[in-house]
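> File name model12.cif; file contents mmCIF, C-alpha atoms and all ligand atoms; full text below.
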data_target
loop_
_atom_site.label_atom_id
_atom_site.label_comp_id
_atom_site.auth_asym_id
_atom_site.auth_seq_id
_atom_site.Cartn_x
_atom_site.Cartn_y
_atom_site.Cartn_z
CA MET A 22 53.72 -20.68 -35.44
CA ASN A 23 50.31 -22.34 -35.15
CA ALA A 24 47.06 -21.04 -36.56
CA HIS A 25 46.04 -19.42 -33.31
CA SER A 26 49.22 -17.61 -32.36
CA LYS A 27 48.37 -14.09 -31.32
CA THR A 28 51.43 -12.28 -32.55
CA ALA A 29 52.21 -12.77 -36.18
CA PHE A 30 55.17 -10.94 -37.58
CA THR A 31 56.10 -7.42 -38.34
CA PHE A 32 54.69 -5.92 -41.49
CA SER A 33 56.95 -3.29 -42.99
CA ARG A 34 54.94 -0.27 -44.13
CA ARG A 35 55.91 1.67 -47.23
CA PRO A 36 52.89 3.89 -47.98
CA THR A 37 52.57 5.08 -51.55
CA ASP A 38 53.96 8.53 -52.33
CA ARG A 39 51.42 8.81 -55.15
CA PRO A 40 47.97 8.20 -53.60
CA VAL A 41 44.91 8.90 -55.73
CA ALA A 42 43.82 12.52 -55.10
CA ALA A 43 40.89 12.91 -52.70
CA ASP A 44 38.59 14.50 -55.30
CA VAL A 45 39.34 11.75 -57.86
CA ARG A 46 38.69 9.10 -55.21
CA ALA A 47 35.40 10.76 -54.21
CA ASP A 48 34.33 10.63 -57.84
CA LEU A 49 35.25 6.94 -58.16
CA LEU A 50 33.30 6.11 -54.99
CA LYS A 51 30.07 7.68 -56.25
CA ASP A 52 29.13 4.61 -58.28
CA PRO A 53 31.95 2.08 -57.98
CA GLY A 54 30.10 -0.96 -59.40
CA PHE A 55 31.86 -4.22 -58.53
CA GLY A 56 35.56 -5.03 -58.78
CA LYS A 57 36.67 -2.09 -60.93
CA VAL A 58 37.87 0.51 -58.42
CA PHE A 59 41.05 -0.39 -56.52
CA THR A 60 42.65 1.22 -53.51
CA ASP A 61 46.16 2.70 -53.17
CA HIS A 62 47.87 -0.19 -51.38
CA MET A 63 48.35 -3.93 -51.19
CA VAL A 64 49.85 -6.41 -48.76
CA THR A 65 52.40 -8.98 -49.92
CA ILE A 66 53.97 -11.89 -48.03
CA ARG A 67 56.38 -14.38 -49.52
CA TRP A 68 56.80 -18.06 -48.74
CA THR A 69 59.71 -20.28 -49.64
CA LYS A 70 60.37 -23.86 -48.68
CA ASP A 71 63.51 -22.84 -46.79
CA ARG A 72 62.26 -19.75 -44.96
CA GLY A 73 58.51 -20.22 -44.63
CA TRP A 74 56.49 -16.96 -44.53
CA HIS A 75 58.61 -13.80 -44.66
CA ASN A 76 58.83 -10.25 -46.04
CA ALA A 77 55.33 -9.11 -45.02
CA GLU A 78 54.88 -5.69 -46.51
CA VAL A 79 52.25 -3.00 -47.05
CA SER A 80 53.13 -1.00 -50.14
CA ALA A 81 51.70 0.80 -53.17
CA ARG A 82 49.39 -1.39 -55.27
CA ALA A 83 51.44 -2.14 -58.34
CA PRO A 84 51.99 -4.79 -61.03
CA ILE A 85 54.03 -7.76 -59.86
CA PRO A 86 57.04 -9.12 -61.67
CA LEU A 87 56.57 -12.81 -62.43
CA ASP A 88 58.89 -15.26 -64.13
CA PRO A 89 57.21 -16.69 -67.26
CA ALA A 90 57.97 -20.16 -65.90
CA ALA A 91 56.11 -19.41 -62.62
CA ALA A 92 54.15 -22.55 -61.80
CA VAL A 93 50.82 -20.72 -61.43
CA LEU A 94 50.91 -19.75 -65.10
CA HIS A 95 51.15 -23.39 -66.14
CA TYR A 96 49.38 -25.53 -63.56
CA GLY A 97 47.04 -23.02 -61.95
CA GLN A 98 48.13 -23.42 -58.34
CA GLU A 99 46.12 -20.47 -56.98
CA ILE A 100 43.56 -19.87 -54.23
CA PHE A 101 41.65 -16.82 -53.06
CA GLU A 102 39.10 -15.45 -50.62
CA GLY A 103 36.54 -12.64 -50.58
CA LEU A 104 35.33 -10.61 -47.61
CA LYS A 105 34.09 -7.10 -46.96
CA ALA A 106 34.89 -4.19 -44.64
CA TYR A 107 31.97 -1.88 -43.82
CA ASN A 108 31.66 1.62 -42.43
CA LEU A 109 29.30 1.44 -39.46
CA GLY A 110 26.98 4.22 -38.37
CA ASP A 111 29.15 5.00 -35.31
CA GLY A 112 32.19 5.76 -37.46
CA SER A 113 33.95 2.46 -36.84
CA ILE A 114 34.90 -0.09 -39.49
CA ALA A 115 33.86 -3.73 -39.24
CA LEU A 116 34.49 -7.08 -40.86
CA PHE A 117 32.04 -9.98 -40.93
CA ARG A 118 33.42 -13.29 -39.61
CA PRO A 119 36.90 -12.78 -41.11
CA GLU A 120 38.32 -15.74 -39.18
CA GLN A 121 36.02 -17.96 -41.26
CA ASN A 122 37.69 -16.66 -44.41
CA ALA A 123 41.11 -17.27 -42.86
CA ARG A 124 40.13 -20.88 -42.09
CA ARG A 125 38.63 -21.50 -45.52
CA PHE A 126 41.83 -20.09 -47.02
CA GLN A 127 43.74 -22.70 -45.03
CA ALA A 128 41.40 -25.44 -46.25
CA SER A 129 41.87 -24.27 -49.84
CA ALA A 130 45.65 -24.21 -49.38
CA ALA A 131 45.65 -27.75 -47.99
CA ARG A 132 43.61 -29.08 -50.94
CA MET A 133 45.89 -27.35 -53.45
CA SER A 134 49.15 -28.52 -51.78
CA MET A 135 50.02 -24.98 -50.74
CA PRO A 136 51.49 -23.71 -47.44
CA ASP A 137 49.24 -22.92 -44.49
CA LEU A 138 48.95 -19.18 -43.79
CA PRO A 139 48.35 -18.80 -40.03
CA GLU A 140 44.96 -17.33 -39.20
CA ALA A 141 46.59 -14.51 -37.20
CA VAL A 142 48.71 -13.47 -40.18
CA PHE A 143 45.71 -13.49 -42.53
CA LEU A 144 43.76 -11.31 -40.07
CA GLN A 145 46.71 -9.00 -39.51
CA ALA A 146 47.11 -8.50 -43.27
CA VAL A 147 43.41 -7.56 -43.51
CA ASP A 148 43.72 -5.11 -40.60
CA GLU A 149 46.78 -3.46 -42.13
CA LEU A 150 45.16 -2.90 -45.53
CA VAL A 151 41.78 -1.78 -44.22
CA LYS A 152 43.43 0.76 -41.92
CA ILE A 153 45.75 2.26 -44.52
CA ASP A 154 43.01 2.39 -47.21
CA SER A 155 40.03 3.19 -44.98
CA ALA A 156 39.24 6.32 -47.02
CA TRP A 157 38.29 3.97 -49.86
CA ILE A 158 35.30 2.47 -48.02
CA PRO A 159 32.25 3.99 -49.70
CA LYS A 160 29.67 5.67 -47.48
CA GLY A 161 26.13 4.28 -47.40
CA ASP A 162 25.46 0.86 -48.90
CA GLY A 163 28.90 0.29 -50.38
CA SER A 164 31.81 -1.57 -48.85
CA LEU A 165 35.45 -2.44 -49.32
CA TYR A 166 35.75 -5.86 -50.93
CA LEU A 167 38.96 -7.55 -49.78
CA ARG A 168 40.61 -10.08 -52.04
CA PRO A 169 43.34 -12.19 -50.42
CA PHE A 170 45.00 -14.66 -52.80
CA MET A 171 48.04 -16.89 -53.02
CA PHE A 172 49.78 -18.44 -55.98
CA ALA A 173 52.82 -20.50 -56.97
CA THR A 174 55.77 -18.38 -58.07
CA GLU A 175 58.54 -20.92 -58.46
CA ALA A 176 60.10 -20.93 -61.95
CA PHE A 177 59.88 -24.65 -62.62
CA LEU A 178 58.01 -26.64 -65.23
CA GLY A 179 57.92 -29.97 -63.44
CA VAL A 180 54.47 -31.01 -62.22
CA ARG A 181 54.68 -30.96 -58.42
CA PRO A 182 53.71 -28.47 -55.69
CA SER A 183 55.74 -25.28 -56.03
CA HIS A 184 58.48 -24.46 -53.52
CA GLU A 185 57.68 -20.71 -53.57
CA TYR A 186 54.46 -18.73 -53.16
CA LEU A 187 53.27 -15.16 -52.97
CA PHE A 188 50.31 -14.07 -50.83
CA ILE A 189 48.75 -10.78 -51.86
CA LEU A 190 45.82 -8.83 -50.47
CA ILE A 191 44.19 -6.14 -52.57
CA ALA A 192 41.00 -4.17 -51.97
CA SER A 193 38.25 -2.83 -54.20
CA SER A 194 35.59 -0.24 -53.35
CA VAL A 195 32.27 -1.80 -54.33
CA GLY A 196 28.59 -1.05 -54.64
CA SER A 197 26.01 -3.52 -55.88
CA TYR A 198 27.21 -6.88 -57.28
CA PHE A 199 24.48 -7.19 -59.88
CA LYS A 200 23.88 -4.45 -62.43
CA GLY A 201 20.15 -4.63 -61.73
CA GLY A 202 20.73 -3.72 -58.04
CA GLU A 203 17.97 -5.17 -55.85
CA LYS A 204 15.91 -6.70 -58.68
CA PRO A 205 15.47 -10.52 -58.60
CA VAL A 206 18.09 -12.29 -60.69
CA THR A 207 17.46 -14.75 -63.49
CA VAL A 208 19.67 -17.83 -63.48
CA TRP A 209 20.64 -20.17 -66.30
CA LEU A 210 20.44 -23.91 -65.72
CA SER A 211 23.54 -25.43 -67.23
CA ASP A 212 22.72 -28.90 -68.53
CA ARG A 213 25.98 -29.17 -70.46
CA TYR A 214 28.66 -28.13 -67.96
CA THR A 215 29.26 -29.08 -64.36
CA ARG A 216 31.30 -27.21 -61.80
CA ALA A 217 32.75 -29.87 -59.52
CA ALA A 218 32.92 -33.61 -59.10
CA GLU A 219 33.33 -35.73 -56.00
CA GLY A 220 36.98 -35.84 -54.95
CA GLY A 221 37.69 -32.65 -56.90
CA THR A 222 38.13 -29.07 -55.72
CA GLY A 223 34.53 -27.82 -55.58
CA ALA A 224 34.60 -27.26 -51.82
CA VAL A 225 37.57 -24.88 -51.94
CA LYS A 226 38.18 -21.51 -53.49
CA CYS A 227 40.75 -22.08 -56.20
CA GLY A 228 40.89 -20.04 -59.38
CA GLY A 229 40.57 -23.15 -61.54
CA ASN A 230 36.99 -23.74 -60.37
CA TYR A 231 36.04 -20.34 -61.70
CA ALA A 232 37.99 -20.73 -64.94
CA ALA A 233 36.03 -23.92 -65.60
CA SER A 234 32.73 -22.16 -64.90
CA LEU A 235 33.26 -19.25 -67.29
CA LEU A 236 31.91 -20.92 -70.40
CA ALA A 237 28.68 -21.75 -68.58
CA GLN A 238 28.61 -18.17 -67.24
CA ALA A 239 29.04 -16.85 -70.78
CA GLU A 240 26.18 -19.10 -71.92
CA ALA A 241 24.08 -17.70 -69.09
CA MET A 242 24.77 -14.15 -70.18
CA GLU A 243 24.01 -14.97 -73.83
CA ASN A 244 20.63 -16.19 -72.61
CA GLY A 245 20.00 -12.98 -70.68
CA CYS A 246 20.78 -14.50 -67.26
CA ASP A 247 22.89 -13.16 -64.40
CA GLN A 248 24.35 -16.42 -63.06
CA VAL A 249 24.50 -20.15 -63.69
CA VAL A 250 22.92 -22.82 -61.50
CA PHE A 251 25.00 -25.98 -61.60
CA LEU A 252 23.79 -29.54 -61.15
CA ASP A 253 25.87 -32.40 -59.74
CA ALA A 254 28.43 -34.03 -62.03
CA ALA A 255 27.41 -37.66 -61.46
CA GLU A 256 23.67 -37.63 -62.22
CA HIS A 257 23.04 -34.12 -63.59
CA ARG A 258 20.06 -34.10 -61.32
CA TRP A 259 20.78 -32.45 -57.98
CA VAL A 260 20.99 -28.68 -57.49
CA GLU A 261 24.45 -27.69 -56.27
CA GLU A 262 25.06 -23.94 -56.28
CA LEU A 263 25.45 -20.92 -58.52
CA GLY A 264 28.76 -19.93 -60.10
CA GLY A 265 29.59 -17.70 -57.14
CA MET A 266 26.81 -18.16 -54.59
CA ASN A 267 24.98 -20.78 -52.54
CA VAL A 268 21.27 -21.30 -53.00
CA PHE A 269 18.22 -21.52 -50.71
CA LEU A 270 14.58 -22.41 -51.37
CA VAL A 271 11.69 -21.19 -49.25
CA MET A 272 8.79 -23.65 -49.02
CA ASN A 273 5.10 -22.91 -48.39
CA ASP A 274 5.39 -24.13 -44.78
CA GLY A 275 8.09 -21.48 -44.15
CA SER A 276 10.94 -23.99 -44.09
CA LEU A 277 14.21 -23.49 -45.96
CA VAL A 278 16.01 -26.06 -48.07
CA THR A 279 19.64 -25.76 -49.15
CA PRO A 280 21.95 -28.32 -50.77
CA PRO A 281 24.21 -30.06 -48.23
CA LEU A 282 27.98 -29.55 -48.00
CA SER A 283 28.71 -32.72 -49.89
CA GLY A 284 32.28 -31.80 -50.84
CA THR A 285 31.35 -30.40 -54.25
CA ILE A 286 29.96 -27.00 -53.20
CA LEU A 287 31.66 -24.12 -51.44
CA PRO A 288 30.86 -23.92 -47.70
CA GLY A 289 29.65 -20.32 -47.86
CA ILE A 290 30.03 -18.12 -44.80
CA THR A 291 26.81 -16.31 -45.74
CA ARG A 292 25.08 -19.69 -46.11
CA ASP A 293 26.19 -20.67 -42.63
CA ALA A 294 25.04 -17.34 -41.16
CA ILE A 295 21.60 -17.68 -42.80
CA ILE A 296 21.14 -21.22 -41.51
CA THR A 297 22.08 -20.06 -38.00
CA LEU A 298 19.76 -17.03 -38.09
CA ALA A 299 16.83 -18.95 -39.55
CA ARG A 300 17.10 -21.75 -36.99
CA LYS A 301 17.36 -19.19 -34.18
CA GLU A 302 14.05 -17.74 -35.40
CA GLY A 303 12.50 -21.18 -35.15
CA ARG A 304 12.47 -21.86 -38.86
CA THR A 305 13.18 -25.40 -40.08
CA VAL A 306 16.25 -25.54 -42.32
CA ARG A 307 16.92 -28.75 -44.20
CA GLU A 308 20.37 -29.28 -45.69
CA GLU A 309 19.33 -31.92 -48.17
CA ARG A 310 19.64 -32.84 -51.80
CA TYR A 311 17.03 -31.18 -53.99
CA ALA A 312 16.46 -32.36 -57.55
CA MET A 313 15.97 -29.96 -60.44
CA ASP A 314 12.79 -31.80 -61.43
CA GLN A 315 11.52 -31.20 -57.91
CA TRP A 316 12.26 -27.49 -58.28
CA ARG A 317 10.20 -27.44 -61.48
CA ALA A 318 7.34 -29.38 -59.85
CA ASP A 319 7.36 -27.34 -56.64
CA ALA A 320 7.34 -24.05 -58.56
CA ALA A 321 4.36 -25.30 -60.62
CA SER A 322 2.41 -26.58 -57.61
CA GLY A 323 3.05 -23.54 -55.44
CA ARG A 324 4.93 -25.55 -52.79
CA LEU A 325 7.99 -23.43 -53.59
CA LYS A 326 7.38 -19.84 -52.55
CA GLU A 327 10.77 -18.17 -52.92
CA ALA A 328 14.36 -18.87 -53.91
CA PHE A 329 17.46 -16.84 -53.25
CA ALA A 330 21.19 -16.97 -53.71
CA CYS A 331 23.68 -15.82 -51.10
CA GLY A 332 27.33 -14.92 -50.83
CA THR A 333 29.64 -12.19 -49.61
CA ALA A 334 29.51 -10.17 -52.82
CA ALA A 335 25.73 -9.86 -53.24
CA VAL A 336 24.77 -10.90 -49.64
CA VAL A 337 21.25 -12.14 -50.53
CA ALA A 338 19.91 -12.05 -54.09
CA PRO A 339 16.34 -13.16 -54.84
CA ILE A 340 15.99 -15.58 -57.76
CA GLY A 341 12.94 -14.72 -59.83
CA LYS A 342 13.31 -17.11 -62.72
CA ILE A 343 15.35 -20.06 -63.99
CA LYS A 344 15.89 -20.33 -67.73
CA SER A 345 16.93 -23.56 -69.38
CA SER A 346 16.89 -25.37 -72.69
CA LYS A 347 13.82 -27.22 -71.37
CA GLY A 348 11.85 -24.05 -70.69
CA ASP A 349 11.63 -21.44 -67.96
CA ILE A 350 10.64 -21.80 -64.33
CA VAL A 351 9.15 -18.73 -62.71
CA ILE A 352 9.24 -18.77 -58.92
CA ALA A 353 5.90 -17.62 -57.50
CA ASP A 354 5.24 -14.34 -59.35
CA GLY A 355 8.94 -13.71 -60.03
CA SER A 356 9.27 -10.91 -57.51
CA THR A 357 11.20 -10.76 -54.23
CA GLY A 358 9.40 -12.68 -51.48
CA PRO A 359 8.93 -11.63 -47.85
CA VAL A 360 11.17 -14.33 -46.33
CA THR A 361 14.06 -13.39 -48.62
CA THR A 362 13.55 -9.71 -47.77
CA ALA A 363 13.47 -10.42 -44.01
CA ILE A 364 16.57 -12.64 -44.07
CA LYS A 365 18.50 -10.08 -46.07
CA ALA A 366 17.43 -7.23 -43.75
CA LYS A 367 18.50 -9.17 -40.69
CA LEU A 368 21.88 -10.17 -42.09
CA VAL A 369 22.70 -6.74 -43.50
CA GLY A 370 21.49 -5.18 -40.22
CA ILE A 371 23.96 -7.29 -38.24
CA GLN A 372 26.80 -6.64 -40.70
CA ARG A 373 26.18 -2.88 -40.53
CA GLY A 374 25.89 -2.78 -36.75
CA ASP A 375 22.19 -1.80 -36.79
CA ILE A 376 20.98 -5.09 -35.26
CA ALA A 377 22.46 -6.74 -32.14
CA ASP A 378 25.24 -9.15 -33.01
CA GLU A 379 24.27 -12.04 -30.76
CA PHE A 380 26.56 -14.54 -32.49
CA ASP A 381 29.67 -12.37 -32.16
CA TRP A 382 30.20 -12.26 -35.93
CA VAL A 383 31.20 -8.62 -36.34
CA ARG A 384 34.81 -7.67 -35.68
CA ARG A 385 35.56 -3.98 -35.39
CA ILE A 386 38.84 -2.57 -36.64
CA GLY A 387 40.66 0.34 -35.01
C1 LIG B 401 31.17 -20.89 -55.75
C2 LIG B 401 30.76 -20.06 -54.58
N1 LIG B 401 29.77 -20.51 -53.79
C3 LIG B 401 29.36 -19.83 -52.72
C4 LIG B 401 29.94 -18.62 -52.36
C5 LIG B 401 29.47 -17.89 -51.16
O1 LIG B 401 30.43 -17.93 -50.14
P1 LIG B 401 30.51 -16.80 -49.04
O2 LIG B 401 29.16 -16.68 -48.44
O3 LIG B 401 31.52 -17.29 -48.07
O4 LIG B 401 30.94 -15.56 -49.74
C6 LIG B 401 30.96 -18.11 -53.16
C7 LIG B 401 31.61 -16.83 -52.83
O5 LIG B 401 32.61 -16.82 -52.18
C8 LIG B 401 31.39 -18.85 -54.29
O6 LIG B 401 32.38 -18.39 -55.08
#
What is this file in structure tokens?
Ligand SMILES: Cc1ncc(COP(=O)(O)O)c(C=O)c1O

Amino acid sequence: MNAHSKTAFTFSRRPTDRPVAADVRADLLKDPGFGKVFTDHMVTIRWTKDRGWHNAEVSARAPIPLDPAAAVLHYGQEIFEGLKAYNLGDGSIALFRPEQNARRFQASAARMSMPDLPEAVFLQAVDELVKIDSAWIPKGDGSLYLRPFMFATEAFLGVRPSHEYLFILIASSVGSYFKGGEKPVTVWLSDRYTRAAEGGTGAVKCGGNYAASLLAQAEAMENGCDQVVFLDAAEHRWVEELGGMNVFLVMNDGSLVTPPLSGTILPGITRDAIITLARKEGRTVREERYAMDQWRADAASGRLKEAFACGTAAVVAPIGKIKSSKGDIVIADGSTGPVTTAIKAKLVGIQRGDIADEFDWVRRIG
């Protein structure tokens, strides 16, 4: 089956006989936070070297039995994705560019020597789970965060790609990603740790990238920051991205600057959408290397007007301040700027079906 085959395979459906009661669910959805409230079901699909993908199933979300010798527990062969399902005003449910997540999942799998999950199967899994757990999509600003992931299950301690994998899709009802809601975030400049080096795995979504970033994230939190901004591994000079988001700068001539997809940063789907929207509006967007010293100088001179981070989880998050061991950088007056606000409004408007979807990004379910 190639990546574009229309019909995937049959998913067997075994709905839970113990769903969370409607009143308990309503309570959980009032203020779900991020990544704490999970739905009733999950999708699982197995892969073995002999049979390929098989046993696609929708069933009750439950712990998974795993052999203690499973390769993922030793060598970290694991990849994941993140996308959201939204309730639209007209009662339908929509996803934002899910085929991009399916393709990035394939790219991650290829880099981590894992099997290719056909795009149609990835999308079918998402459809199945969103439909069966649609009652878990919060009303209003919230959404259903979908977490597809795949890991090596073979019980074998030799160091080579596993011969068995499990794909799982779970879902979490979410509100705002940052505790502060819409307030500008403060980021910590990590001068000690880097996230990715050339030839490494920075451009794909494997769990190991995040494991390696946690110490820097902990340092950020100890310093009262929400996220880390990483510099390149070779020169410790060029701005790369945040721990879980891409970054944009807004200059005083209205142009945007964002680090290029050099192979060490994640090619964000939100990043791509923002570049497309900004260029459509006639704004200049430069995908070019931007040095941290330049950031400091541009903030001081007033050439830099705004900065924001972007990603599926938070969509667009203004950056008000950078803290570092060499002192703080406040961007303009530290508040959310008008370009950031406008870009966020446009993107969220398209995602929610309130603004015309001229790029055909929104895919309705059911
Ligand atoms: C390291 C990193 N960079 C950037 C992003 C933003 O990517 P996207 O816009 O596809 O969510 C994410 C989130 O997935 C991420 O984890």
> Neighbours of ligand LIG 401 (chain B) within 8 Å, counting all atoms listed in the file, as a JSON list (two decimals) with C-alpha atoms, keeping the file's coordinate frame?

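The resulting pocket-v1.json:
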[["chain", "number", "residue", "atom", "x", "y", "z"],
["A", 102, "GLU", "CA", 39.10, -15.45, -50.62],
["A", 103, "GLY", "CA", 36.54, -12.64, -50.58],
["A", 104, "LEU", "CA", 35.33, -10.61, -47.61],
["A", 122, "ASN", "CA", 37.69, -16.66, -44.41],
["A", 223, "GLY", "CA", 34.53, -27.82, -55.58],
["A", 226, "LYS", "CA", 38.18, -21.51, -53.49],
["A", 230, "ASN", "CA", 36.99, -23.74, -60.37],
["A", 231, "TYR", "CA", 36.04, -20.34, -61.70],
["A", 262, "GLU", "CA", 25.06, -23.94, -56.28],
["A", 263, "LEU", "CA", 25.45, -20.92, -58.52],
["A", 264, "GLY", "CA", 28.76, -19.93, -60.10],
["A", 265, "GLY", "CA", 29.59, -17.70, -57.14],
["A", 266, "MET", "CA", 26.81, -18.16, -54.59],
["A", 267, "ASN", "CA", 24.98, -20.78, -52.54],
["A", 286, "ILE", "CA", 29.96, -27.00, -53.20],
["A", 287, "LEU", "CA", 31.66, -24.12, -51.44],
["A", 288, "PRO", "CA", 30.86, -23.92, -47.70],
["A", 289, "GLY", "CA", 29.65, -20.32, -47.86],
["A", 290, "ILE", "CA", 30.03, -18.12, -44.80],
["A", 291, "THR", "CA", 26.81, -16.31, -45.74],
["A", 292, "ARG", "CA", 25.08, -19.69, -46.11],
["A", 293, "ASP", "CA", 26.19, -20.67, -42.63],
["A", 331, "CYS", "CA", 23.68, -15.82, -51.10],
["A", 332, "GLY", "CA", 27.33, -14.92, -50.83],
["A", 333, "THR", "CA", 29.64, -12.19, -49.61],
["A", 334, "ALA", "CA", 29.51, -10.17, -52.82],
["A", 336, "VAL", "CA", 24.77, -10.90, -49.64]]
> Using only C-alpha atoms, which of the listed residues (A:Thr31, A:Ser193, A:Ser113, A:Gln145) sits closest to His62 (chain A)?
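Nearest to His62 (chain A): A:Ser193.
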> When distances are computed from only C-alpha atoms, which of A:Ser345, A:Asp378, A:Thr297, A:Gly284 shows the smallest separation from Ala237 (chain A)?
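For Ala237 (chain A), the nearest of the candidates is A:Ser345.
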> CA of Glu379 (chain A) and CA of Ala115 (chain A), how far apart in Å?
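Calculated distance between CA of Ala115 (chain A) and CA of Glu379 (chain A) is 15.3 Å.
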> Return the single residue from A:Thr215, A:Gln127, A:Ser197, A:Thr60 that is closest to Leu167 (chain A), with distances computed using all atoms listed in the file.
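Looking only at the distances to Leu167 (chain A), the closest residue turns out to be A:Thr60.
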> Tell me which protein, DNA and RNA residues are within 9 Å of region 47-54 of chain A, counting only C-alpha atoms, leaving out same-chain ones fewer than 3 positions away, and put them as a ChimeraX atom specification.
/A:42-44,57-58,157-160,163,193-200
> Considering all atoms listed in the file, return as a ChimeraX atom specification whatever protein or nucleic-acid residues lie within 12 Å of Gln315 (chain A), sequence-local ones (same chain, fewer than 4 positions apart) excluded.
/A:258-260,270,272,278,310-311,319-325,350
> Enumerate, as a PyMOL selection string, the protein, DNA and RNA residues whose atoms approach (11.5, -15.2, -63.0) to within 12 Å, taking into account all atoms listed in the file and the coordinate frame of the file.
chain A and resi 204-209+245-247+320+327-329+339-345+348-358
> Which residue out of A:Arg384, A:Arg72, A:Lys326, A:Arg304 has the minimum interatomic distance to Tyr186 (chain A) when only C-alpha atoms are used?
A:Arg72
> Missing atoms in region 180-195 of chain A need filling: write out N, CA and C atoms for it as a JSON list (two decimals), in the coordinates of the input.

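result_36.json written:
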[["chain", "number", "residue", "atom", "x", "y", "z"],
["A", 180, "VAL", "N", 55.80, -31.01, -62.86],
["A", 180, "VAL", "CA", 54.47, -31.01, -62.22],
["A", 180, "VAL", "C", 54.58, -31.57, -60.80],
["A", 181, "ARG", "N", 54.68, -30.64, -59.86],
["A", 181, "ARG", "CA", 54.68, -30.96, -58.42],
["A", 181, "ARG", "C", 54.37, -29.66, -57.68],
["A", 182, "PRO", "N", 53.99, -29.72, -56.40],
["A", 182, "PRO", "CA", 53.71, -28.47, -55.69],
["A", 182, "PRO", "C", 54.94, -27.55, -55.72],
["A", 183, "SER", "N", 54.66, -26.27, -55.96],
["A", 183, "SER", "CA", 55.74, -25.28, -56.03],
["A", 183, "SER", "C", 56.47, -25.17, -54.69],
["A", 184, "HIS", "N", 57.71, -24.70, -54.74],
["A", 184, "HIS", "CA", 58.48, -24.46, -53.52],
["A", 184, "HIS", "C", 58.47, -22.99, -53.11],
["A", 185, "GLU", "N", 57.74, -22.15, -53.88],
["A", 185, "GLU", "CA", 57.68, -20.71, -53.57],
["A", 185, "GLU", "C", 56.27, -20.19, -53.87],
["A", 186, "TYR", "N", 55.81, -19.30, -52.98],
["A", 186, "TYR", "CA", 54.46, -18.73, -53.16],
["A", 186, "TYR", "C", 54.46, -17.26, -52.80],
["A", 187, "LEU", "N", 53.48, -16.56, -53.35],
["A", 187, "LEU", "CA", 53.27, -15.16, -52.97],
["A", 187, "LEU", "C", 51.82, -15.02, -52.51],
["A", 188, "PHE", "N", 51.65, -14.44, -51.32],
["A", 188, "PHE", "CA", 50.31, -14.07, -50.83],
["A", 188, "PHE", "C", 50.16, -12.59, -51.09],
["A", 189, "ILE", "N", 49.03, -12.21, -51.63],
["A", 189, "ILE", "CA", 48.75, -10.78, -51.86],
["A", 189, "ILE", "C", 47.34, -10.49, -51.37],
["A", 190, "LEU", "N", 47.17, -9.30, -50.83],
["A", 190, "LEU", "CA", 45.82, -8.83, -50.47],
["A", 190, "LEU", "C", 45.62, -7.49, -51.15],
["A", 191, "ILE", "N", 44.56, -7.41, -51.95],
["A", 191, "ILE", "CA", 44.19, -6.14, -52.57],
["A", 191, "ILE", "C", 42.77, -5.80, -52.12],
["A", 192, "ALA", "N", 42.35, -4.58, -52.38],
["A", 192, "ALA", "CA", 41.00, -4.17, -51.97],
["A", 192, "ALA", "C", 40.34, -3.37, -53.08],
["A", 193, "SER", "N", 39.02, -3.51, -53.16],
["A", 193, "SER", "CA", 38.25, -2.83, -54.20],
["A", 193, "SER", "C", 37.00, -2.21, -53.58],
["A", 194, "SER", "N", 36.80, -0.93, -53.84],
["A", 194, "SER", "CA", 35.59, -0.24, -53.35],
["A", 194, "SER", "C", 34.43, -0.73, -54.19],
["A", 195, "VAL", "N", 33.37, -1.21, -53.56],
["A", 195, "VAL", "CA", 32.27, -1.80, -54.33],
["A", 195, "VAL", "C", 30.90, -1.28, -53.92]]
